[in-house]
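S.K.: Handing over protein_7.cif, mmCIF, C-alpha atoms.
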data_my_file
#
loop_
_atom_site.label_atom_id
_atom_site.label_comp_id
_atom_site.auth_asym_id
_atom_site.auth_seq_id
_atom_site.Cartn_x
_atom_site.Cartn_y
_atom_site.Cartn_z
CA MET R 8 80.92 92.52 154.61
CA THR R 9 78.40 91.17 157.09
CA ASP R 10 80.33 87.88 157.35
CA TRP R 11 83.42 89.37 158.92
CA LEU R 12 81.51 92.06 160.80
CA ALA R 13 79.27 89.45 162.44
CA VAL R 14 79.23 88.95 166.21
CA LEU R 15 82.66 89.41 167.76
CA GLY R 16 83.07 86.58 170.21
CA PRO R 17 86.12 85.71 172.32
CA PRO R 18 87.91 83.97 169.39
CA GLU R 19 87.57 87.05 167.21
CA LEU R 20 88.66 89.37 170.03
CA ALA R 21 91.72 87.21 170.71
CA ALA R 22 92.54 87.23 166.99
CA LEU R 23 92.13 91.02 166.96
CA VAL R 24 94.68 91.36 169.77
CA LEU R 25 97.02 89.03 167.89
CA VAL R 26 96.84 91.09 164.70
CA LEU R 27 97.22 94.38 166.58
CA GLY R 28 100.37 92.97 168.19
CA MET R 29 101.69 91.98 164.75
CA ASN R 30 100.88 95.46 163.46
CA VAL R 31 102.81 97.24 166.19
CA TYR R 32 105.71 94.81 165.80
CA VAL R 33 106.16 95.44 162.08
CA LEU R 34 106.01 99.21 162.65
CA THR R 35 108.64 99.11 165.39
CA GLY R 36 110.69 95.92 165.13
CA GLY R 37 110.32 95.95 161.34
CA ALA R 38 111.92 99.39 161.16
CA ASP R 39 114.75 98.11 163.37
CA PHE R 40 115.42 95.31 160.88
CA GLY R 41 115.37 97.86 158.08
CA GLY R 42 117.94 99.89 159.99
CA GLY R 43 120.22 96.87 159.91
CA VAL R 44 119.85 96.75 156.12
CA TRP R 45 121.03 100.35 155.80
CA ASP R 46 123.85 99.69 158.26
CA LEU R 47 125.16 97.13 155.77
CA PHE R 48 124.83 99.54 152.84
CA ALA R 49 126.23 102.59 154.63
CA SER R 50 128.62 104.28 152.21
CA GLY R 51 130.10 107.55 151.09
CA PRO R 52 131.72 110.31 153.13
CA ARG R 53 128.96 110.11 155.75
CA ARG R 54 129.15 106.35 156.25
CA ASP R 55 130.09 106.60 159.91
CA ALA R 56 127.42 109.24 160.52
CA GLN R 57 124.80 107.01 158.88
CA ARG R 58 125.72 104.08 161.13
CA ALA R 59 125.82 106.32 164.19
CA LEU R 60 122.29 107.57 163.45
CA ILE R 61 121.03 104.02 162.96
CA ALA R 62 122.60 102.87 166.24
CA HIS R 63 121.27 105.94 168.06
CA SER R 64 117.75 105.37 166.72
CA ILE R 65 117.69 101.63 167.43
CA GLY R 66 119.73 101.48 170.62
CA PRO R 67 117.38 102.74 173.34
CA ILE R 68 114.27 100.71 172.50
CA TRP R 69 115.14 97.78 170.22
CA GLU R 70 114.74 95.23 173.03
CA ALA R 71 111.37 96.66 174.06
CA ASN R 72 109.99 96.28 170.54
CA HIS R 73 110.20 92.49 170.78
CA VAL R 74 107.56 92.48 173.51
CA TRP R 75 104.99 92.64 170.70
CA LEU R 76 106.34 89.50 169.07
CA ILE R 77 106.21 87.74 172.44
CA LEU R 78 102.60 88.90 172.81
CA VAL R 79 101.72 87.44 169.40
CA ILE R 80 103.28 84.08 170.28
CA VAL R 81 101.58 83.90 173.69
CA VAL R 82 98.15 84.76 172.28
CA LEU R 83 98.57 82.26 169.43
CA PHE R 84 99.46 79.25 171.57
CA THR R 85 96.93 80.15 174.29
CA ALA R 86 93.96 81.09 172.12
CA PHE R 87 94.56 78.87 169.06
CA PRO R 88 96.69 75.88 170.18
CA PRO R 89 96.04 73.61 167.13
CA ALA R 90 97.16 76.41 164.80
CA PHE R 91 100.24 77.00 166.94
CA ALA R 92 101.03 73.28 166.81
CA THR R 93 100.64 73.20 163.02
CA LEU R 94 102.86 76.22 162.47
CA GLY R 95 105.45 74.96 164.95
CA THR R 96 105.58 71.61 163.18
CA ILE R 97 105.38 72.46 159.49
CA LEU R 98 107.41 75.69 159.71
CA HIS R 99 109.85 74.67 162.42
CA ILE R 100 112.85 75.29 160.14
CA PRO R 101 112.15 78.93 159.14
CA LEU R 102 110.84 79.71 162.64
CA THR R 103 114.04 78.36 164.22
CA LEU R 104 116.20 80.25 161.73
CA MET R 105 114.18 83.40 162.38
CA LEU R 106 114.69 83.01 166.13
CA LEU R 107 118.42 82.55 165.59
CA GLY R 108 118.43 85.67 163.42
CA ILE R 109 116.75 87.72 166.14
CA VAL R 110 119.21 86.47 168.77
CA LEU R 111 122.28 86.98 166.56
CA ARG R 112 121.10 90.42 165.55
CA GLY R 113 120.55 91.56 169.11
CA SER R 114 123.73 90.08 170.53
CA SER R 115 125.93 91.36 167.69
CA PHE R 116 124.44 94.85 168.07
CA ALA R 117 125.24 94.78 171.79
CA PHE R 118 128.77 93.46 171.24
CA ARG R 119 129.46 96.09 168.60
CA SER R 120 128.13 98.87 170.83
CA TYR R 121 129.76 97.86 174.11
CA GLY R 122 132.56 95.46 173.19
CA ALA R 123 136.00 96.08 171.71
CA HIS R 124 136.14 99.15 169.48
CA ASP R 125 138.98 98.10 167.21
CA ARG R 126 138.09 98.16 163.53
CA ALA R 127 138.22 94.37 163.04
CA SER R 128 135.77 93.70 165.88
CA GLN R 129 133.43 96.47 164.76
CA GLU R 130 133.35 95.16 161.20
CA ARG R 131 132.83 91.54 162.30
CA TRP R 132 129.90 92.32 164.59
CA GLY R 133 128.55 94.79 162.06
CA ARG R 134 128.42 92.12 159.34
CA ILE R 135 126.60 89.70 161.65
CA PHE R 136 124.15 92.42 162.70
CA ALA R 137 123.40 93.43 159.12
CA SER R 138 123.18 89.86 157.78
CA ALA R 139 120.74 88.83 160.53
CA SER R 140 118.73 92.00 159.84
CA ILE R 141 118.31 90.90 156.22
CA VAL R 142 117.69 87.17 156.69
CA THR R 143 115.12 87.53 159.50
CA PRO R 144 112.58 89.66 157.54
CA LEU R 145 113.01 87.37 154.54
CA LEU R 146 112.08 84.40 156.71
CA LEU R 147 109.18 86.27 158.33
CA GLY R 148 107.75 87.15 154.93
CA ALA R 149 108.26 83.60 153.66
CA ILE R 150 106.34 82.27 156.67
CA VAL R 151 103.46 84.64 155.95
CA GLY R 152 103.50 83.69 152.27
CA ALA R 153 103.47 79.98 153.09
CA ILE R 154 100.43 80.45 155.34
CA ALA R 155 98.59 82.69 152.87
CA SER R 156 99.16 80.33 149.94
CA GLY R 157 97.55 77.43 151.78
CA ALA R 158 100.76 75.40 151.51
CA VAL R 159 101.08 75.05 155.29
CA GLY R 160 97.56 73.67 155.63
CA GLU R 161 98.11 71.26 152.75
CA ALA R 162 101.41 70.09 154.24
CA ALA R 163 99.71 69.49 157.59
CA SER R 164 97.06 67.36 155.87
CA ALA R 165 99.75 65.46 153.97
CA LEU R 166 101.65 64.82 157.20
CA SER R 167 98.52 63.40 158.84
CA ALA R 168 97.97 61.12 155.84
CA LEU R 169 101.59 59.95 155.79
CA GLN R 170 101.48 59.04 159.46
CA THR R 171 98.79 56.46 158.68
CA GLU R 172 100.66 54.98 155.70
CA ASP R 173 103.72 52.76 155.40
CA GLY R 174 106.54 53.00 152.91
CA ALA R 175 106.79 56.76 152.53
CA SER R 176 110.28 57.96 151.61
CA PRO R 177 111.73 59.95 154.54
CA ARG R 178 113.60 62.25 152.15
CA SER R 179 110.60 63.06 149.98
CA MET R 180 108.43 63.42 153.08
CA PHE R 181 110.86 65.88 154.62
CA GLN R 182 111.06 67.98 151.47
CA THR R 183 107.32 67.95 150.81
CA ILE R 184 106.25 68.68 154.37
CA PHE R 185 108.99 70.84 155.83
CA LEU R 186 110.71 72.61 152.93
CA ALA R 187 108.34 73.00 149.99
CA PRO R 188 105.70 75.14 151.80
CA TRP R 189 108.08 78.07 152.38
CA LEU R 190 110.86 77.46 149.83
CA ALA R 191 108.53 78.23 146.95
CA PRO R 192 108.40 81.25 144.60
CA PHE R 193 105.38 82.94 146.18
CA PRO R 194 106.57 82.78 149.83
CA LEU R 195 110.05 83.94 148.79
CA ALA R 196 108.51 86.86 146.88
CA ILE R 197 106.57 87.82 150.02
CA GLY R 198 109.83 87.54 151.96
CA ALA R 199 111.45 89.99 149.55
CA LEU R 200 108.42 92.28 149.91
CA ALA R 201 108.69 92.23 153.72
CA LEU R 202 112.40 93.06 153.54
CA ALA R 203 111.79 95.94 151.10
CA MET R 204 108.93 97.32 153.20
CA PHE R 205 111.02 97.23 156.38
CA ALA R 206 113.93 98.91 154.58
CA PHE R 207 111.58 101.60 153.24
CA LEU R 208 110.06 102.14 156.66
CA ALA R 209 113.50 102.47 158.26
CA ALA R 210 114.74 104.91 155.63
CA VAL R 211 111.71 107.14 156.16
CA TYR R 212 112.09 107.03 159.95
CA LEU R 213 115.82 107.79 159.73
CA ALA R 214 115.30 110.66 157.29
CA LEU R 215 112.95 112.23 159.81
CA ALA R 216 115.31 111.54 162.74
CA ALA R 217 118.37 113.04 161.02
CA ARG R 218 119.21 116.64 161.84
CA ASP R 219 121.79 117.11 159.10
CA GLU R 220 120.28 117.86 155.68
CA ALA R 221 122.97 115.92 153.84
CA LEU R 222 122.30 112.88 156.05
CA ARG R 223 118.59 113.25 155.40
CA GLY R 224 119.34 113.26 151.71
CA ASP R 225 121.25 109.98 152.06
CA PHE R 226 118.28 108.20 153.63
CA ARG R 227 115.86 109.87 151.25
CA ARG R 228 117.70 108.29 148.31
CA ARG R 229 117.81 104.94 150.09
CA GLY R 230 114.09 105.17 150.80
CA LEU R 231 113.28 105.84 147.16
CA GLY R 232 115.46 102.89 146.16
CA ALA R 233 113.65 100.68 148.67
CA ALA R 234 110.33 101.89 147.23
CA VAL R 235 111.37 100.63 143.79
CA ALA R 236 112.33 97.26 145.31
CA MET R 237 109.03 97.18 147.20
CA ILE R 238 107.01 97.76 144.02
CA ALA R 239 108.99 95.08 142.15
CA ALA R 240 108.51 92.54 144.95
CA GLY R 241 104.79 93.39 145.17
CA VAL R 242 104.30 92.85 141.45
CA ALA R 243 106.19 89.55 141.67
CA GLY R 244 104.03 88.47 144.59
CA LEU R 245 100.83 89.25 142.68
CA ALA R 246 102.10 87.38 139.62
CA LEU R 247 103.04 84.32 141.68
CA ALA R 248 100.02 84.33 143.98
CA PRO R 249 97.96 81.12 143.89
CA ARG R 250 94.70 81.61 142.06
CA SER R 251 91.64 81.31 144.29
CA ASP R 252 87.97 82.15 144.09
CA ALA R 253 88.21 83.72 147.55
CA GLY R 254 91.25 85.88 146.82
CA PHE R 255 91.26 89.56 147.62
CA ALA R 256 87.68 90.76 147.57
CA GLY R 257 85.40 92.99 149.60
CA PRO R 258 87.09 94.63 152.61
CA ALA R 259 90.43 92.97 151.85
CA LEU R 260 90.52 94.50 148.37
CA VAL R 261 89.64 97.92 149.82
CA PHE R 262 92.50 97.67 152.31
CA GLU R 263 94.99 96.66 149.63
CA LEU R 264 93.90 99.52 147.37
CA LEU R 265 94.27 101.91 150.29
CA ALA R 266 97.73 100.44 150.92
CA GLY R 267 98.66 101.32 147.34
CA VAL R 268 97.39 104.88 147.82
CA ALA R 269 99.32 105.20 151.10
CA GLY R 270 102.48 103.86 149.41
CA ILE R 271 102.21 106.42 146.61
CA ALA R 272 101.62 109.16 149.19
CA ALA R 273 104.68 108.04 151.18
CA ILE R 274 106.91 108.04 148.08
CA ARG R 275 105.64 111.45 147.01
CA ALA R 276 106.14 112.88 150.50
CA LEU R 277 109.68 111.47 150.60
CA TRP R 278 110.41 112.88 147.15
CA THR R 279 109.18 116.36 148.20
CA ARG R 280 110.99 116.13 151.58
CA ARG R 281 107.84 116.21 153.71
CA TRP R 282 109.34 113.97 156.36
CA SER R 283 106.51 113.71 158.90
CA LEU R 284 103.92 113.00 156.23
CA ALA R 285 106.21 110.36 154.71
CA ARG R 286 106.48 108.58 158.06
CA LEU R 287 102.72 108.64 158.58
CA ALA R 288 101.98 107.36 155.07
CA ALA R 289 104.68 104.66 155.20
CA GLY R 290 103.33 103.35 158.52
CA ALA R 291 99.79 103.38 157.11
CA GLN R 292 100.90 101.45 154.04
CA VAL R 293 102.58 98.67 156.01
CA SER R 294 99.59 98.41 158.36
CA LEU R 295 97.07 98.28 155.52
CA VAL R 296 99.03 95.52 153.75
CA LEU R 297 98.95 93.46 156.95
CA TRP R 298 95.24 93.98 157.56
CA GLY R 299 94.44 93.28 153.92
CA TRP R 300 96.11 89.88 154.23
CA VAL R 301 94.25 89.13 157.47
CA LEU R 302 90.88 90.05 155.98
CA ALA R 303 91.57 88.10 152.79
CA GLN R 304 92.30 85.01 154.87
CA TYR R 305 89.40 85.38 157.33
CA PRO R 306 87.83 83.20 158.77
CA PHE R 307 90.88 80.91 158.37
CA VAL R 308 93.85 80.96 160.69
CA ILE R 309 95.61 78.42 158.47
CA PRO R 310 93.83 77.89 155.17
CA PRO R 311 92.32 75.83 153.69
CA ALA R 312 90.92 73.98 156.74
CA GLN R 313 91.70 75.56 160.12
CA THR R 314 89.12 78.25 160.77
CA LEU R 315 89.28 80.71 163.64
CA ARG R 316 86.52 79.12 165.69
CA ALA R 317 87.48 75.54 164.87
CA VAL R 318 90.95 75.92 166.41
CA ALA R 319 90.00 78.28 169.24
CA ALA R 320 90.63 77.28 172.84
CA PRO R 321 87.66 76.70 175.19
CA ARG R 322 85.64 79.82 175.95
CA VAL R 323 86.76 79.97 179.58
CA THR R 324 90.41 80.01 178.48
CA LEU R 325 89.74 82.82 176.02
CA VAL R 326 87.87 84.87 178.61
CA PHE R 327 90.70 84.54 181.14
CA LEU R 328 93.22 85.39 178.42
CA LEU R 329 91.33 88.52 177.37
CA CYS R 330 90.96 89.66 180.98
CA GLY R 331 94.68 89.14 181.55
CA LEU R 332 95.51 91.07 178.39
CA LEU R 333 93.24 93.92 179.42
CA GLY R 334 94.87 94.14 182.83
CA GLY R 335 98.36 93.90 181.35
CA ALA R 336 97.59 96.66 178.86
CA PHE R 337 97.18 99.15 181.73
CA ILE R 338 100.80 98.44 182.68
CA LEU R 339 102.43 97.75 179.32
CA ILE R 340 101.06 100.55 177.13
CA PRO R 341 101.75 103.50 179.48
CA SER R 342 105.22 102.11 180.23
CA LEU R 343 106.13 101.77 176.55
CA ALA R 344 104.63 105.18 175.76
CA TYR R 345 106.80 106.73 178.49
CA LEU R 346 109.85 104.87 177.19
CA TYR R 347 109.32 106.00 173.60
CA ARG R 348 108.59 109.59 174.63
CA THR R 349 111.65 109.74 176.86
CA PHE R 350 114.09 108.57 174.22
CA ALA R 351 112.38 110.49 171.42
CA SER R 352 112.88 113.72 173.37
CA ASP R 353 116.49 112.70 174.06
CA GLN R 354 117.11 112.25 170.33
CA ARG R 355 115.69 115.70 169.57
CA ARG R 356 118.26 117.40 171.81
#
Please re-express this file's structure in C-alpha cells.
M.R.:
Amino acid sequence: MTDWLAVLGPPELAALVLVLGMNVYVLTGGADFGGGVWDLFASGPRRDAQRALIAHSIGPIWEANHVWLILVIVVLFTAFPPAFATLGTILHIPLTLMLLGIVLRGSSFAFRSYGAHDRASQERWGRIFASASIVTPLLLGAIVGAIASGAVGEAASALSALQTEDGASPRSMFQTIFLAPWLAPFPLAIGALALAMFAFLAAVYLALAARDEALRGDFRRRGLGAAVAMIAAGVAGLALAPRSDAGFAGPALVFELLAGVAGIAAIRALWTRRWSLARLAAGAQVSLVLWGWVLAQYPFVIPPAQTLRAVAAPRVTLVFLLCGLLGGAFILIPSLAYLYRTFASDQRR
C-alpha cells in the first residue's frame, strides 16, 4: 500500500491525468461504441425507434467525447515518450486499425444522419457504423490485454535484440514482434470484455434515456444479455491471464472485487428497473475495472521493464505539461459540462 501511495511526483501526477482521461473516455466514448452495437442488433416492431434513440443520444456530443482520447495521447507522448514510441512501434497495426475504425464510425454516422435518406444508403452507412463500433472496442481491449500481459514489453526487447543480429527471418520477425503480442488468446479475451462492457454501459444509458416503457424494456433485455457476455468474457480473461507473482494483489485486488460488487449491483438494478441506480453502478464497475488494471501494473507503464519514472520526460517538461493541463482544465471542463447539460435537458423535453 505504501509503495503506490508514496510521494506523488510529476511523473505520477501526469500518469494520474492520463488514467483519468482514459476513465472519462470509456464512460462516454465507450457508451457511444456500445450504442453502435445495439444499432446493429436493433430488431422487432420498435427497430426504428431503437435506432432513433441511439442516434439522438449519440448525435449531439459524440465528437466531443473524443477529446479525452486526444488528451490521453498527448499526455502519453509528452510525459512518457519512450513508452509512446514502444506502443506506436509494436502495436502499430491494431492502433492504425483502431484509428480507422474511429474515423469510419464517425463519418458513416454523419453520412447516415445528413446524407441521402433512401433505404439502401441508410442500410449501407448503418452497417459501416455498426461494424466499426464493434471492431474498435475489440482492438482497444486487445491493446490493453497485450500491454497487461507483458507481451508488448517482451516484443520490444526482442526487436532490440534482432536489430543487433543478422539472419533473422523477416516473416517470423514480423509475426513475433507485430502480430503475436495482440493476436493471442488473453488480449482477444480482454477485447471481448471491453466490447461487452461498452455494450452493457450503452444499454443501461439508453434504458434510462428512453421515455417509452416498451423501449426501455428492449434495452433492459439487451443490457442483461450484455451482462451475461461480460461475465463470460471476464471468466475467460481470468482463465487465460498469464500467471505472475505480482498479479492482482493489495489495492488492485480491492478495486477488482469492488468492480464485481458494482457489476452485480448494476445487473440487479437493471433487473428491478431502477434505471438511475443501474447507470451509476455500471459506470462505477467500468471505472473500477480500469483502475484495478492500472494499480495491478504499477509502477510499470509497459511491463516487464518500462517503469513510470524510467520512461518519464525531464522534470521541466512534466511541470510545464501539468501547468498547461491545469490551465486548460478551466476552459475544457466547464465547456463540456455546459455542453452535456444543454443536450441532456434537450433530450428530456
S.K.: Report, as AutoDock Vina command-line options, the axis-aligned box around all atoms of region 115-134 of chain R present in the file, extended by 6 Å on each side; give centre and edge lengths in Å to one decimal place.
M.R.:
--center_x 131.7 --center_y 95.3 --center_z 166.7 --size_x 26.5 --size_y 19.8 --size_z 26.8
S.K.: Step by step, work through what the PyMOL selection byres ((chain R and resi 230-236) around 8) selects in the shown file, and finish by giving those residues as a list in words.
M.R.: Leu200, Ala203, Met204, Ala206, Phe207, Leu208, Ala209, Ala210, Val211, Phe226, Arg227, Arg228, Arg229, Met237, Ile238, Ala239, Ala240, Ile274, Leu277 and Trp278 of chain R
S.K.: Would you save the residues from that selection as a PDB file, in the frame of the given file, using C-alpha atoms?
M.R.:
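Contents of selection_24.pdb, freshly written:
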ATOM      1  CA  LEU R 200     108.420  92.280 149.910  1.00  0.00           C
ATOM      2  CA  ALA R 203     111.790  95.940 151.100  1.00  0.00           C
ATOM      3  CA  MET R 204     108.930  97.320 153.200  1.00  0.00           C
ATOM      4  CA  ALA R 206     113.930  98.910 154.580  1.00  0.00           C
ATOM      5  CA  PHE R 207     111.580 101.600 153.240  1.00  0.00           C
ATOM      6  CA  LEU R 208     110.060 102.140 156.660  1.00  0.00           C
ATOM      7  CA  ALA R 209     113.500 102.470 158.260  1.00  0.00           C
ATOM      8  CA  ALA R 210     114.740 104.910 155.630  1.00  0.00           C
ATOM      9  CA  VAL R 211     111.710 107.140 156.160  1.00  0.00           C
ATOM     10  CA  PHE R 226     118.280 108.200 153.630  1.00  0.00           C
ATOM     11  CA  ARG R 227     115.860 109.870 151.250  1.00  0.00           C
ATOM     12  CA  ARG R 228     117.700 108.290 148.310  1.00  0.00           C
ATOM     13  CA  ARG R 229     117.810 104.940 150.090  1.00  0.00           C
ATOM     14  CA  MET R 237     109.030  97.180 147.200  1.00  0.00           C
ATOM     15  CA  ILE R 238     107.010  97.760 144.020  1.00  0.00           C
ATOM     16  CA  ALA R 239     108.990  95.080 142.150  1.00  0.00           C
ATOM     17  CA  ALA R 240     108.510  92.540 144.950  1.00  0.00           C
ATOM     18  CA  ILE R 274     106.910 108.040 148.080  1.00  0.00           C
ATOM     19  CA  LEU R 277     109.680 111.470 150.600  1.00  0.00           C
ATOM     20  CA  TRP R 278     110.410 112.880 147.150  1.00  0.00           C
TER      21      TRP R 278
END
S.K.: So which residues get picked by the PyMOL selection byres ((chain R and resi 38) around 7) here, written as a list in words?
M.R.: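 In the shown coordinates, the PyMOL selection byres ((chain R and resi 38) around 7) covers Leu34, Thr35, Gly36, Gly37, Asp39, Phe40, Gly41, Gly42, Phe205, Ala206, Leu208 and Ala209 of chain R.
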S.K.: Figure out the distance between CA of Trp298 (chain R) and CA of Trp282 (chain R), please, to one decimal in Å.
M.R.: 24.5 Å
S.K.: Which one is closest to Gln129 (chain R): R:Ala86, R:Ala199, R:Ala168, R:Ala117? Count all atoms listed in the file.
M.R.: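 Result for the nearest residue to Gln129 (chain R): R:Ala117.
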S.K.: For the PyMOL selection byres ((chain R and resi 98) around 12), applied here, can you spell out every residue it catches as a PyMOL selection string?
M.R.: chain R and resi 90-97+99-105+146-147+149-154+158-160+162-163+181-190
S.K.: So, counting all atoms listed in the file, which residue among R:Leu245, R:Ala71, R:Leu297, R:Leu328 is closest to Leu27 (chain R)?
M.R.: R:Leu297
S.K.: Using all atoms listed in the file, which of the listed residues (R:Arg131, R:Arg54, R:His73, R:Arg126) sits closest to Gly113 (chain R)?
M.R.: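 Comparing R:Arg131, R:Arg54, R:His73, R:Arg126 against Gly113 (chain R), the winner is R:His73.
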S.K.: Grab the CA of Arg112 (chain R) to CA of Leu78 (chain R) distance for me, in Å with one decimal place.
M.R.: 19.9 Å
S.K.: Output region 229-240 of chain R with N, CA and C atoms present, as an mmCIF file, in the frame of the given file.
M.R.:
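Listed below is the output, part13.cif:
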data_model
loop_
_atom_site.group_PDB
_atom_site.id
_atom_site.type_symbol
_atom_site.label_atom_id
_atom_site.label_comp_id
_atom_site.auth_asym_id
_atom_site.auth_seq_id
_atom_site.Cartn_x
_atom_site.Cartn_y
_atom_site.Cartn_z
ATOM 1 N N ARG R 229 117.958 106.354 149.765
ATOM 2 C CA ARG R 229 117.810 104.940 150.090
ATOM 3 C C ARG R 229 116.333 104.551 150.171
ATOM 4 N N GLY R 230 115.519 105.447 150.721
ATOM 5 C CA GLY R 230 114.090 105.170 150.800
ATOM 6 C C GLY R 230 113.447 105.056 149.431
ATOM 7 N N LEU R 231 113.833 105.919 148.518
ATOM 8 C CA LEU R 231 113.280 105.840 147.160
ATOM 9 C C LEU R 231 113.739 104.564 146.461
ATOM 10 N N GLY R 232 114.988 104.159 146.708
ATOM 11 C CA GLY R 232 115.460 102.890 146.160
ATOM 12 C C GLY R 232 114.689 101.709 146.725
ATOM 13 N N ALA R 233 114.430 101.749 148.044
ATOM 14 C CA ALA R 233 113.650 100.680 148.670
ATOM 15 C C ALA R 233 112.225 100.657 148.132
ATOM 16 N N ALA R 234 111.678 101.829 147.796
ATOM 17 C CA ALA R 234 110.330 101.890 147.230
ATOM 18 C C ALA R 234 110.270 101.164 145.887
ATOM 19 N N VAL R 235 111.313 101.338 145.077
ATOM 20 C CA VAL R 235 111.370 100.630 143.790
ATOM 21 C C VAL R 235 111.407 99.121 144.026
ATOM 22 N N ALA R 236 112.249 98.689 144.983
ATOM 23 C CA ALA R 236 112.330 97.260 145.310
ATOM 24 C C ALA R 236 111.000 96.744 145.843
ATOM 25 N N MET R 237 110.318 97.573 146.618
ATOM 26 C CA MET R 237 109.030 97.180 147.200
ATOM 27 C C MET R 237 107.982 96.988 146.097
ATOM 28 N N ILE R 238 107.965 97.881 145.129
ATOM 29 C CA ILE R 238 107.010 97.760 144.020
ATOM 30 C C ILE R 238 107.318 96.503 143.204
ATOM 31 N N ALA R 239 108.605 96.261 142.928
ATOM 32 C CA ALA R 239 108.990 95.080 142.150
ATOM 33 C C ALA R 239 108.599 93.794 142.880
ATOM 34 N N ALA R 240 108.858 93.737 144.188
ATOM 35 C CA ALA R 240 108.510 92.540 144.950
ATOM 36 C C ALA R 240 106.991 92.368 145.029
#
